[in-house]
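Colleague: Please read through the structure below; I'll follow up with questions.
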Protein chains: 2
Amino acid sequence: MARKAGTGSLLPLELDGDSASPLFQRLYRQLRQAVLEGRLKPGARLPATRVLADELGLSRNTVLAAYDQLASEGFLELRHRSGVFVAEDLPIARQDPQPAPPQPELGIRARDAASAGPVGADRRGGPRWPSCFATGVPDVSQFPFDLWTRLLARSWRRPAASLPIGGDPGGHPALRAAIASYIGEARGIACHPDHVLVVSGIRQAVDLACRLLLDPGDQVWMENPGYPGIRAVLAANACEVVGVPIDEEGLDVAMGRKVAGHARLVCVAPSHQFPLGVALSLQRRLMLLDWAREAGAWILEDDYDSEYRYAGRPLAALKSLDKDNRVIYVGTLSKLLFPSLRLGYLVAPPQLADAFRNLRTRLDDQPSMVAQPALAELFRSGHLAAHVRRMRQVYAARQRAFLDAADTHLKGLVAFRAEESGLHLVGRIGRRLGGRNDKALARTAAREGIQLAAVSDYDLFGDGPQGLMFGYAAAPEHLVAPALRRLKEIWT
Amino acid sequence: MARKAGTGSLLPLELDGDSASPLFQRLYRQLRQAVLEGRLKPGARLPATRVLADELGLSRNTVLAAYDQLASEGFLELRHRSGVFVAEDLPIARQDPQPAPPQPELGIRARDAASAGPVGADRRGGPRWPSCFATGVPDVSQFPFDLWTRLLARSWRRPAASLPIGGDPGGHPALRAAIASYIGEARGIACHPDHVLVVSGIRQAVDLACRLLLDPGDQVWMENPGYPGIRAVLAANACEVVGVPIDEEGLDVAMGRKVAGHARLVCVAPSHQFPLGVALSLQRRLMLLDWAREAGAWILEDDYDSEYRYAGRPLAALKSLDKDNRVIYVGTLSKLLFPSLRLGYLVAPPQLADAFRNLRTRLDDQPSMVAQPALAELFRSGHLAAHVRRMRQVYAARQRAFLDAADTHLKGLVAFRAEESGLHLVGRIGRRLGGRNDKALARTAAREGIQLAAVSDYDLFGDGPQGLMFGYAAAPEHLVAPALRRLKEIWT
């Protein structure tokens with residue numbers, strides 16, 4: 001099955017070499033090689049997926065998969081509505097003209113480590129500056145593991161007959177009840193435990209929503225900049241991702257309406273936008289709900305960081321305003337407890353609750369029951385609330401300490417302001433670093449082993465707002481000042 | 001957005017009523033209502049998805065989703081290569097002409113309880129005959145929960161810093177190493193721990209394989225009859241499912257080659273076919289591998305029941321013969337330990353290992369870490385092997401006791417023969433029940449609270465081999481004889 005094409009005058013591709021690999025992988029390797037050998041130059045525009053698919057006689061999904069993998073490894077940049085380009089900034093090509101055999105996962109993991117959002121992979125810091133300043137990582141050393149261990153042991157020593165069998169596709173009933181009661185109190189959401197679905201996390205929730213509610217090619221609004229984990233899932237479901245800009249009131253609903261008024265789904269983090277941290281204003285919330293009702297669209301509310309709020313009154317969840325049952329509410333437990341717990345919840349609008357549960361039952365059944373009863377008890381006993389209250393004080397103090405240290409060491413270089421919630425701060429690049437790009441600064445820091453995420457890395461077009469993200473929640477206190485001092489040295 | 005059509009002269013459909021629901025759900029409700037009200041008669045043929053999609057101005061996926069949901073609830077039957085029909089046998093329509101408001105999940109869960117394969121949902125028996133004779137359920141009462149509790153507690157009391165953070169998208173390294181060593185010894189598979197991916201179960205494995213390797217519309221061979229959980233995932237990925245018949249040597253490879261020689265993937269359980277229990281002969285294994293190499297197709301080996309073997313030498317896994325790296329090997333731990341553990345593993349061919357891990361990282365990250373270290377220790381310490389050895393003896397004794405009781409109570413009604421492996425027996429319907437259909441017999445039993453699965457329920461065309469499945473592994477010993485006696489009474 002030889003497939004050959006001129007790639008719109010770009011380069012010759014020859015896909016019939018190794019028929020043991022899937023087509024997307026052969027295409028991926030060919031394109032990767034072309035980039036590494038300089039046949040495809042940084043900044044060069046690639047053919048649209050449809051064009052290349054036609055030329056090579058492949059399906060568009062095959063081309064998409066290859067582009068997607070190359071993009072997730074940093075070789076390509078997918079700029080919405082403008083095309084696919086070879087990345088401008090390719091350290092591999094410069095540092096390693098004769099690279100080792102392709103190890104795709106290293107690319108992805110290195111990128112994740114650098115951007116260190118909650119997108120899987122290695123979240124630990126380098127050897128010299130452990131956990132300085134990875135984004136979205138809670139301080140797990142403070143978690144009451146003794147208590148956790150006792151609860152785990154209590155639930156499994158002599159389990160009720162039904163526990164090891166499982167059988168409730170929505171998740172452990174006691175946990176669903178605890179979650180419903182918790183979000184009722186904490187987030188103003190009235191919901192029945194039957195409408196709660198225990199999921200592994202936000203990405204599984206988005207995946208289920210796409211598979212249930214969307215057809216390939218349907219438009220989805222995504223915050224821009226925004227969480228790349230959501231983008232990856234939308235791409236895997238062949239949605240058309242429409243980046244909607246963020247301003248000081250959050251998602252620009254009027255703009256979304258203008259550019260994609262017939263979108264089917266909106267993914268939004270109203271409490272604490274990622275990565276910029278802004279909260280969606282009440283007026284915007286109402287505009288968004290109005291539009292969703294008119295358009296018959298769904299809103300997926302990612303309430304990932306709402307628990308850690310240090311000042312001010314928490315805004316009620318968007319879901320609490322949802323009179324028309326358009327909002328699918330998603331929360332995570334992995335930040336309240338620890339990231340490797342991998343449990344969260346989806347609250348479906350009542351009319352979709354059965355369909356969500358059915359779909360999950362057909363595709364994969366519930367997540368493991370091993371942690372669910374202990375987790376229910378952690379909620380019920382009030383210990384989880386006590387842990388969150390305590391961590392709120394710890395993180396608030398760490399934010400203050402970080403701001404003090406930054407004022408001492410990074411004055412004029414990076415400007416911060418206090419935030420009322422979240423686990424990281426976004427620093428604006430100051431005049432004394434004027435003209436330096438956030439990605440370049442983050443790269444310099446990474447060479448020193450200090451993880452900083454660049455805000456522009458979260459932009460769909462790669463050229464959005466600039467800034468550097470400092471996760472302060474898990475940063476060891478004695479390392480903050482030395483690490484900031486070191487940053488000053490290497491940046492100036 | 002009013003959409004109206006004559007449905008190929010079948011009935012008028014009106015989809016503009018409730019714009020708050022997704023389109024597929026509105027279509028689903030309309031069709032369901034038409035069946036319940038008798039406007040669509042049992043056995044009637046529905047329009048092909050493409051036709052109905054065109055008529056209604058919907059996407060084909062929307063129609064597929066509605067058909068799929070109706071089929072999973074038992075309203076429709078999707079007969080491969082012949083079309084979509086209203087089910088012949090509709091208890092709801094007969095018993096409940098004015099049904100309660102639609103509760104889609106009840107349909108699915110009732111069906112799962114009746115067919116009681118390992119497809120999620122309620123696997124417990126009725127109140128009078130608990131766990132008599134649900135299929136695929138191990139006896140969890142025999143599991144060493146004390147030991148399990150100690151291992152859980154040991155791994156979480158003072159966890160290494162990396163454990164609560166997680167970060168290895170392939171799964172806990174110690175568990176991957178334990179699995180690689182276990183399948184090396186037990187199944188003759190040489191693999192590196194880096195090629196092992198911890199997954200939630202067979203369905204997640206199939207889903208990942210489809211999303212990585214297939215395009216929508218690609219053909220996939222599936223055993224017929226076969227495990228409906230796989231069929232559901234293939235359908236959700238818009239694959240064309242090609243049912244390949246099973247004979248006394250297992251999958252009929254020559255037939256598969258004839259009807260779908262260009263398929264991209266084969267899902268097969270070579271050790272112990274579900275539901276028929278036959279093992280794939282060595283000659284067929286080699287034929288299958290030959291074909292896969294020639295066609296550039298992938299084989300997904302579902303080795304779900306290989307541990308419980310009571311006599312004879314276990315056949316080595318198909319994967320152990322896989323010289324050309326075409327086989328993706330999948331095993332489950334949920335049967336070795338307990339179903340609600342929801343952990344299994346996928347062993348990727350080396351050239352796909354990175355791609356599988358990347359895809360999983362992008363879509364959902366690893367499953368929860370909570371159970372993984374304890375599980376690794378259960379392997380490492382030899383306790384798991386000891387548990388399996390002990391359960392092998394328990395289940396072998398139960399099979400003998402079941403066969404004795406069946407010989408006493410069901411002689412002439414249902415014929416059994418001893419099986420060398422597995423957790424259930426397939427009974428052939430005997431002369432004294434001649435002419436009675438397996439589904440009808442299972443329904444009569446279900447009314448009495450005794451769960452039996454009908455083999456023909458696992459057939460893609462609904463009209464395959466007849467038989468009744470008796471799970472004996474978890475049946476309480478004192479209930480077996482009374483339950484069989486009761487079956488004799490109600491059947492004769």
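Letters for chains follow the order of the structure tokens (A, B, ...), residue numbers begin at 1 for each chain, and ligand numbers begin at 1 in the order shown.
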Restrict the calculation to only C-alpha atoms, then for each residue of chain B with any atom at most 7 Å from an atom of chain A give the closest atom pair and their distance in Å to one decimal, rows by chain and rising residue number, as a tab-separated table.

Modeller:
residue	atom	partner	partner_atom	distance
B:Ser19	CA	A:Gly296	CA	6.1
B:Ala20	CA	A:Gly296	CA	5.9
B:Pro22	CA	A:Leu213	CA	6.3
B:Asn61	CA	A:Asp215	CA	6.4
B:Pro104	CA	A:Asp354	CA	6.2
B:Glu105	CA	A:Asp354	CA	5.4
B:Gly120	CA	A:Asp365	CA	5.5
B:Ala121	CA	A:Gly167	CA	4.7
B:Asp122	CA	A:Gly167	CA	4.6
B:Arg123	CA	A:Gly167	CA	6.2
B:Val140	CA	A:Pro164	CA	6.6
B:Phe145	CA	A:Arg157	CA	5.6
B:Asp146	CA	A:Arg157	CA	5.4
B:Thr149	CA	A:Ala153	CA	5.1
B:Ala153	CA	A:Thr149	CA	5.1
B:Trp156	CA	A:Thr149	CA	5.9
B:Arg157	CA	A:Asp146	CA	5.4
B:Arg158	CA	A:Phe145	CA	6.9
B:Pro164	CA	A:Ser340	CA	5.1
B:Ile165	CA	A:Pro339	CA	5.1
B:Gly166	CA	A:Ser340	CA	4.7
B:Gly167	CA	A:Asp122	CA	4.5
B:Asp168	CA	A:Ala121	CA	6.0
B:Pro169	CA	A:Ala121	CA	5.9
B:Arg203	CA	A:Asp364	CA	5.5
B:Gln204	CA	A:Asp364	CA	5.8
B:Leu213	CA	A:Pro22	CA	6.2
B:Asp215	CA	A:Asn61	CA	6.5
B:Gly229	CA	A:Arg362	CA	6.5
B:Ala232	CA	A:Arg362	CA	5.9
B:Val233	CA	A:Leu363	CA	5.5
B:Gly296	CA	A:Ala20	CA	5.9
B:Phe338	CA	A:Pro164	CA	5.4
B:Pro339	CA	A:Ile165	CA	5.1
B:Ser340	CA	A:Gly166	CA	4.7
B:Leu341	CA	A:Ser368	CA	5.0
B:Arg342	CA	A:Ser368	CA	4.8
B:Asp354	CA	A:Glu105	CA	5.5
B:Asn358	CA	A:Glu105	CA	5.9
B:Thr361	CA	A:Gly120	CA	5.9
B:Arg362	CA	A:Ala232	CA	5.9
B:Leu363	CA	A:Val233	CA	5.5
B:Asp364	CA	A:Arg203	CA	5.5
B:Asp365	CA	A:Gly120	CA	5.4
B:Pro367	CA	A:Arg342	CA	6.5
B:Ser368	CA	A:Arg342	CA	4.8
B:Met369	CA	A:Ser340	CA	5.4
B:Val370	CA	A:Leu341	CA	6.2
B:Ala371	CA	A:Val370	CA	6.5

Colleague: Run DSSP on the backbone and give me the residues of region 134-315 of chain B it puts in strand (DSSP E or B), as a ChimeraX atom specification.

Modeller: /B:196-199,219-224,240-247,250-251,265-268,298-302,309

Colleague: Considering only C-alpha atoms, return as a PDB file with N, CA and C atoms, in the first residue's frame whatever protein or nucleic-acid residues lie within 12 Å of Asp322 (chain A), sequence-local ones (same chain, fewer than 3 positions apart) excluded.

Modeller:
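The file below, part_15.pdb, is the result:
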ATOM      1  N   GLY A 188     -23.182  25.864  46.653  1.00  0.00           N
ATOM      2  CA  GLY A 188     -24.549  26.320  46.372  1.00  0.00           C
ATOM      3  C   GLY A 188     -25.265  25.521  45.299  1.00  0.00           C
ATOM      4  N   ILE A 189     -24.833  24.285  45.094  1.00  0.00           N
ATOM      5  CA  ILE A 189     -25.425  23.470  44.029  1.00  0.00           C
ATOM      6  C   ILE A 189     -26.392  22.460  44.644  1.00  0.00           C
ATOM      7  N   ALA A 190     -27.658  22.558  44.288  1.00  0.00           N
ATOM      8  CA  ALA A 190     -28.618  21.566  44.759  1.00  0.00           C
ATOM      9  C   ALA A 190     -28.618  20.405  43.779  1.00  0.00           C
ATOM     10  N   CYS A 191     -28.215  19.239  44.228  1.00  0.00           N
ATOM     11  CA  CYS A 191     -28.280  18.101  43.309  1.00  0.00           C
ATOM     12  C   CYS A 191     -28.549  16.821  44.060  1.00  0.00           C
ATOM     13  N   ARG A 285     -21.546  35.429  33.503  1.00  0.00           N
ATOM     14  CA  ARG A 285     -22.183  34.138  33.794  1.00  0.00           C
ATOM     15  C   ARG A 285     -23.598  34.110  33.231  1.00  0.00           C
ATOM     16  N   LEU A 286     -24.304  35.201  33.479  1.00  0.00           N
ATOM     17  CA  LEU A 286     -25.696  35.244  33.011  1.00  0.00           C
ATOM     18  C   LEU A 286     -25.763  35.284  31.490  1.00  0.00           C
ATOM     19  N   MET A 287     -24.832  36.050  30.881  1.00  0.00           N
ATOM     20  CA  MET A 287     -24.783  36.074  29.410  1.00  0.00           C
ATOM     21  C   MET A 287     -24.532  34.680  28.848  1.00  0.00           C
ATOM     22  N   LEU A 288     -23.621  33.965  29.509  1.00  0.00           N
ATOM     23  CA  LEU A 288     -23.257  32.635  29.025  1.00  0.00           C
ATOM     24  C   LEU A 288     -24.456  31.686  29.125  1.00  0.00           C
ATOM     25  N   LEU A 289     -25.148  31.741  30.267  1.00  0.00           N
ATOM     26  CA  LEU A 289     -26.312  30.871  30.445  1.00  0.00           C
ATOM     27  C   LEU A 289     -27.419  31.222  29.441  1.00  0.00           C
ATOM     28  N   ASP A 290     -27.615  32.524  29.223  1.00  0.00           N
ATOM     29  CA  ASP A 290     -28.616  32.954  28.236  1.00  0.00           C
ATOM     30  C   ASP A 290     -28.311  32.391  26.861  1.00  0.00           C
ATOM     31  N   ALA A 292     -26.449  29.867  26.094  1.00  0.00           N
ATOM     32  CA  ALA A 292     -26.551  28.411  26.040  1.00  0.00           C
ATOM     33  C   ALA A 292     -28.012  27.979  25.882  1.00  0.00           C
ATOM     34  N   ARG A 293     -28.890  28.675  26.580  1.00  0.00           N
ATOM     35  CA  ARG A 293     -30.306  28.314  26.468  1.00  0.00           C
ATOM     36  C   ARG A 293     -30.794  28.543  25.046  1.00  0.00           C
ATOM     37  N   TRP A 298     -24.365  23.181  25.572  1.00  0.00           N
ATOM     38  CA  TRP A 298     -24.058  22.703  26.912  1.00  0.00           C
ATOM     39  C   TRP A 298     -22.844  23.450  27.450  1.00  0.00           C
ATOM     40  N   ILE A 299     -22.828  23.614  28.772  1.00  0.00           N
ATOM     41  CA  ILE A 299     -21.683  24.259  29.421  1.00  0.00           C
ATOM     42  C   ILE A 299     -21.039  23.246  30.359  1.00  0.00           C
ATOM     43  N   LEU A 300     -19.757  23.021  30.181  1.00  0.00           N
ATOM     44  CA  LEU A 300     -19.049  22.163  31.113  1.00  0.00           C
ATOM     45  C   LEU A 300     -18.247  23.059  32.057  1.00  0.00           C
ATOM     46  N   GLU A 301     -18.673  23.095  33.310  1.00  0.00           N
ATOM     47  CA  GLU A 301     -18.039  23.960  34.316  1.00  0.00           C
ATOM     48  C   GLU A 301     -16.947  23.188  35.037  1.00  0.00           C
ATOM     49  N   ALA A 316     -20.533  31.777  43.960  1.00  0.00           N
ATOM     50  CA  ALA A 316     -21.242  30.510  43.824  1.00  0.00           C
ATOM     51  C   ALA A 316     -20.895  29.907  42.464  1.00  0.00           C
ATOM     52  N   ALA A 317     -21.016  28.609  42.373  1.00  0.00           N
ATOM     53  CA  ALA A 317     -20.726  27.944  41.104  1.00  0.00           C
ATOM     54  C   ALA A 317     -21.708  28.423  40.037  1.00  0.00           C
ATOM     55  N   LEU A 318     -21.243  28.451  38.797  1.00  0.00           N
ATOM     56  CA  LEU A 318     -22.127  28.740  37.663  1.00  0.00           C
ATOM     57  C   LEU A 318     -23.334  27.805  37.697  1.00  0.00           C
ATOM     58  N   LYS A 319     -23.077  26.568  38.035  1.00  0.00           N
ATOM     59  CA  LYS A 319     -24.138  25.560  38.107  1.00  0.00           C
ATOM     60  C   LYS A 319     -25.280  25.983  39.026  1.00  0.00           C
ATOM     61  N   ASN A 325     -30.877  23.883  33.231  1.00  0.00           N
ATOM     62  CA  ASN A 325     -30.215  22.583  33.158  1.00  0.00           C
ATOM     63  C   ASN A 325     -29.342  22.414  31.927  1.00  0.00           C
ATOM     64  N   ARG A 326     -28.487  23.413  31.726  1.00  0.00           N
ATOM     65  CA  ARG A 326     -27.541  23.344  30.608  1.00  0.00           C
ATOM     66  C   ARG A 326     -26.123  23.056  31.105  1.00  0.00           C
ATOM     67  N   VAL A 327     -25.899  23.087  32.428  1.00  0.00           N
ATOM     68  CA  VAL A 327     -24.524  23.036  32.952  1.00  0.00           C
ATOM     69  C   VAL A 327     -24.171  21.645  33.471  1.00  0.00           C
ATOM     70  N   ILE A 328     -23.069  21.116  32.986  1.00  0.00           N
ATOM     71  CA  ILE A 328     -22.467  19.889  33.506  1.00  0.00           C
ATOM     72  C   ILE A 328     -21.336  20.352  34.430  1.00  0.00           C
ATOM     73  N   TYR A 329     -21.447  20.011  35.693  1.00  0.00           N
ATOM     74  CA  TYR A 329     -20.497  20.528  36.681  1.00  0.00           C
ATOM     75  C   TYR A 329     -19.452  19.468  36.990  1.00  0.00           C
ATOM     76  N   ALA A 348     -24.421  15.803  36.505  1.00  0.00           N
ATOM     77  CA  ALA A 348     -25.126  15.954  35.239  1.00  0.00           C
ATOM     78  C   ALA A 348     -26.427  16.707  35.461  1.00  0.00           C
ATOM     79  N   PRO A 349     -26.872  17.486  34.463  1.00  0.00           N
ATOM     80  CA  PRO A 349     -28.245  17.982  34.518  1.00  0.00           C
ATOM     81  C   PRO A 349     -29.174  16.760  34.599  1.00  0.00           C
ATOM     82  N   PRO A 350     -30.272  16.877  35.340  1.00  0.00           N
ATOM     83  CA  PRO A 350     -31.103  15.689  35.584  1.00  0.00           C
ATOM     84  C   PRO A 350     -31.459  14.920  34.304  1.00  0.00           C
TER      85      PRO A 350
END

Colleague: Expressed in Å to a single decimal, how great is the separation between CA of Leu31 (chain B) and CA of Asp54 (chain B)?

Modeller: 16.5 Å

Colleague: Neighbours of region 391-397 of chain A within 6 Å (only C-alpha atoms; same-chain residues fewer than 4 positions away dropped), as a ChimeraX atom specification?

Modeller: /A:308,310,473

Colleague: Could you save those same residues with all heavy atoms as a tab-separated table (two decimals), in the first residue's frame?

Modeller:
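Below you can see selection-v9.tsv, which holds the result:
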chain	number	residue	atom	x	y	z
A	308	TYR	N	-9.61	26.33	47.34
A	308	TYR	CA	-8.53	27.08	47.96
A	308	TYR	C	-8.73	28.57	47.71
A	308	TYR	O	-8.26	29.12	46.74
A	308	TYR	CB	-7.18	26.57	47.46
A	308	TYR	CG	-6.94	25.15	47.94
A	308	TYR	CD1	-6.79	24.11	47.07
A	308	TYR	CD2	-6.95	24.88	49.31
A	308	TYR	CE1	-6.61	22.81	47.54
A	308	TYR	CE2	-6.78	23.59	49.79
A	308	TYR	CZ	-6.61	22.57	48.90
A	308	TYR	OH	-6.45	21.29	49.37
A	310	TYR	N	-8.58	32.35	49.69
A	310	TYR	CA	-7.93	32.90	50.88
A	310	TYR	C	-8.57	34.18	51.35
A	310	TYR	O	-8.31	34.65	52.45
A	310	TYR	CB	-6.44	33.13	50.60
A	310	TYR	CG	-5.83	31.95	49.90
A	310	TYR	CD1	-5.30	32.06	48.63
A	310	TYR	CD2	-5.88	30.68	50.50
A	310	TYR	CE1	-4.79	30.96	47.98
A	310	TYR	CE2	-5.38	29.58	49.84
A	310	TYR	CZ	-4.83	29.73	48.58
A	310	TYR	OH	-4.34	28.64	47.93
A	473	ALA	N	2.32	26.62	46.16
A	473	ALA	CA	1.66	25.84	47.21
A	473	ALA	C	2.55	24.71	47.72
A	473	ALA	O	2.54	24.38	48.91
A	473	ALA	CB	0.34	25.29	46.69

Colleague: Taking the chain letters and numbering used in this document, name the residues of region 184-378 of chain A that DSSP puts in helix (DSSP H, G or I), as a ChimeraX atom specification.

Modeller: /A:184-187,193-195,202-213,228-236,253-259,282-295,318-321,339-341,350-363,372-378

Colleague: Can you pull out every residue within 7 Å of Phe416 (chain A), counting only C-alpha atoms, but drop anything in the same chain fewer than 5 positions away, and send it as a list of chain:residue names?

Modeller: A:Val426, A:Gly427, A:Arg428

Colleague: Based on the selection just made, write all heavy atoms of those residues as a compact mmCIF listing (two decimals), in the first residue's frame.

Modeller:
# COMPACT_ATOMS: atom_id res chain seq x y z
N VAL A 426 0.55 34.34 38.69
CA VAL A 426 1.06 34.66 37.36
C VAL A 426 1.87 35.95 37.48
O VAL A 426 1.36 36.96 37.96
CB VAL A 426 -0.10 34.85 36.35
CG1 VAL A 426 0.45 35.30 35.00
CG2 VAL A 426 -0.87 33.55 36.20
N GLY A 427 3.12 35.87 37.07
CA GLY A 427 3.97 37.06 37.11
C GLY A 427 4.05 37.72 35.75
O GLY A 427 4.27 37.04 34.74
N ARG A 428 3.83 39.04 35.72
CA ARG A 428 4.01 39.78 34.46
C ARG A 428 5.49 40.11 34.28
O ARG A 428 6.18 40.47 35.24
CB ARG A 428 3.19 41.07 34.48
CG ARG A 428 1.74 40.86 34.02
CD ARG A 428 0.99 42.19 33.92
NE ARG A 428 1.03 42.93 35.16
CZ ARG A 428 1.78 44.03 35.38
NH1 ARG A 428 2.52 44.53 34.41
NH2 ARG A 428 1.78 44.63 36.55

Colleague: Skipping near chain neighbours, those fewer than 3 positions away, what residues fall within 12 Å of region 178-184 of chain A using only C-alpha atoms, listed as an MDAnalysis selection string?

Modeller: chainID A and resid 171:175 187:198 303 306:307 316:317 319:320 329:333 343:348 372:382 384:385

Colleague: What is the distance between CA of Ala483 (chain B) and CA of Val278 (chain B), in Å to one decimal?

Modeller: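 One can read the CA of Ala483 (chain B) to CA of Val278 (chain B) distance as 26.5 Å.
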